[in-house]
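Colleague: So here's model_39.pdb (PDB, C-alpha atoms).
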ATOM      1  CA  MET G 283      75.461  36.543 -93.881
ATOM      2  CA  SER G 284      76.123  33.886 -96.459
ATOM      3  CA  HIS G 285      75.674  30.176 -95.953
ATOM      4  CA  GLU G 286      79.432  29.718 -95.941
ATOM      5  CA  GLU G 287      79.885  32.313 -93.170
ATOM      6  CA  ARG G 288      77.138  30.693 -91.140
ATOM      7  CA  LEU G 289      78.766  27.290 -91.582
ATOM      8  CA  VAL G 290      82.147  28.685 -90.508
ATOM      9  CA  ASN G 291      80.536  30.255 -87.416
ATOM     10  CA  ILE G 292      78.806  26.989 -86.556
ATOM     11  CA  GLU G 293      82.041  25.028 -86.977
ATOM     12  CA  PHE G 294      83.886  27.572 -84.842
ATOM     13  CA  GLY G 295      81.256  27.287 -82.123
ATOM     14  CA  LEU G 296      81.328  23.503 -82.270
ATOM     15  CA  THR G 297      85.111  23.447 -81.978
ATOM     16  CA  HIS G 298      84.927  25.761 -78.980
ATOM     17  CA  LEU G 299      82.315  23.513 -77.328
ATOM     18  CA  GLU G 300      84.407  20.398 -77.984
ATOM     19  CA  GLN G 301      87.414  22.029 -76.307
ATOM     20  CA  LEU G 302      85.257  23.136 -73.401
ATOM     21  CA  VAL G 303      83.846  19.631 -72.924
ATOM     22  CA  ALA G 304      87.358  18.139 -73.018
ATOM     23  CA  SER G 305      88.546  20.671 -70.435
ATOM     24  CA  LEU G 306      85.568  19.988 -68.165
ATOM     25  CA  ASN G 307      86.131  16.252 -68.498
ATOM     26  CA  GLU G 308      89.760  16.639 -67.387
ATOM     27  CA  THR G 309      88.620  18.723 -64.422
ATOM     28  CA  ILE G 310      86.083  16.078 -63.427
ATOM     29  CA  ILE G 311      88.713  13.347 -63.656
ATOM     30  CA  GLU G 312      91.092  15.362 -61.446
ATOM     31  CA  HIS G 313      88.324  16.036 -58.930
ATOM     32  CA  ASP G 314      87.416  12.354 -58.843
ATOM     33  CA  LYS G 315      91.039  11.428 -58.101
ATOM     34  CA  THR G 316      91.147  14.005 -55.317
ATOM     35  CA  ILE G 317      87.863  12.748 -53.866
ATOM     36  CA  GLN G 318      89.140   9.158 -53.904
ATOM     37  CA  GLN G 319      92.344  10.209 -52.113
ATOM     38  CA  LEU G 320      90.347  12.124 -49.516
ATOM     39  CA  LYS G 321      88.020   9.162 -48.952
ATOM     40  CA  THR G 322      91.043   6.938 -48.373
ATOM     41  CA  GLN G 323      92.504   9.421 -45.886
ATOM     42  CA  VAL G 324      89.194   9.770 -44.043
ATOM     43  CA  ASN G 325      88.867   5.983 -43.803
ATOM     44  CA  ARG G 326      92.412   5.710 -42.399
ATOM     45  CA  VAL G 327      91.776   8.436 -39.840
ATOM     46  CA  ALA G 328      88.436   6.908 -38.854
ATOM     47  CA  ALA G 329      90.015   3.475 -38.448
ATOM     48  CA  GLY G 330      92.800   4.954 -36.337
ATOM     49  CA  LEU G 331      90.357   6.814 -34.127
ATOM     50  CA  GLU G 332      88.221   3.717 -33.752
ATOM     51  CA  THR G 333      91.250   1.689 -32.692
ATOM     52  CA  LYS G 334      92.301   4.347 -30.175
ATOM     53  CA  GLU G 335      88.772   4.551 -28.791
ATOM     54  CA  ILE G 336      88.526   0.779 -28.411
ATOM     55  CA  ASP G 337      91.925   0.676 -26.708
ATOM     56  CA  SER G 338      90.841   3.494 -24.389
ATOM     57  CA  ILE G 339      87.621   1.691 -23.502
ATOM     58  CA  LYS G 340      89.499  -1.573 -22.882
ATOM     59  CA  GLY G 341      91.970   0.292 -20.657
ATOM     60  CA  ASN G 342      89.153   1.728 -18.542
ATOM     61  CA  ILE G 343      87.392  -1.573 -17.959
ATOM     62  CA  THR G 344      88.157  -3.054 -14.559
ATOM     63  CA  LYS G 345      87.138  -6.449 -13.343
ATOM     64  CA  PRO G 346      84.547  -6.562 -10.631
ATOM     65  CA  PRO G 347      85.966  -7.412  -7.203
ATOM     66  CA  HIS G 348      84.571 -10.945  -7.224
ATOM     67  CA  TYR G 349      86.602 -11.730 -10.379
ATOM     68  CA  GLN G 350      89.918 -10.651  -8.872
TER      69      GLN G 350
END
Show this structure as structure tokens.
Modeller:
Amino acid sequence: MSHEERLVNIEFGLTHLEQLVASLNETIIEHDKTIQQLKTQVNRVAAGLETKEIDSIKGNITKPPHYQ
């Protein structure tokens, strides 16, 4: 194998790796967006459940007889 063939092979490999890195980077960016959306949804659901639980607890609290 000549030096020129080796250089071409190295350049080909490098180009392939650059494309792979770019593809992986795009995948990571998409996953990060999805994770952020899911975190937002989980926070909304948790806040809603917390509000419902607090309302339920408040609804079950009765005043002692001496306060009525």
Colleague: At what distance in Å, to one decimal, does atom CA of G:Ser284 lie from atom CA of G:Val303?
Modeller: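 Spanning atom CA of G:Val303 to atom CA of G:Ser284 is a straight-line distance of 28.6 Å.
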Colleague: Would you work out the distance separating atom CA of G:Asp337 from atom CA of G:Lys321, expressed in Å to one decimal?
Modeller: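 Computed distance, atom CA of G:Asp337 to atom CA of G:Lys321, equals 24.1 Å.
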Colleague: One number please: atom CA of G:Glu293 to atom CA of G:Asn307, in Å, one decimal.
Modeller: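 Interatomic distance, atom CA of G:Glu293 to atom CA of G:Asn307: 20.9 Å.
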Colleague: Quick one: what's the axis-aligned box for stretch 311-328 of chain G, all listed atoms, 4 Å on every side, centre and edges in Å to one decimal, as JSON?
Modeller:
{"center_x": 90.0, "center_y": 10.9, "center_z": -51.3, "size_x": 13.1, "size_y": 18.3, "size_z": 32.8}
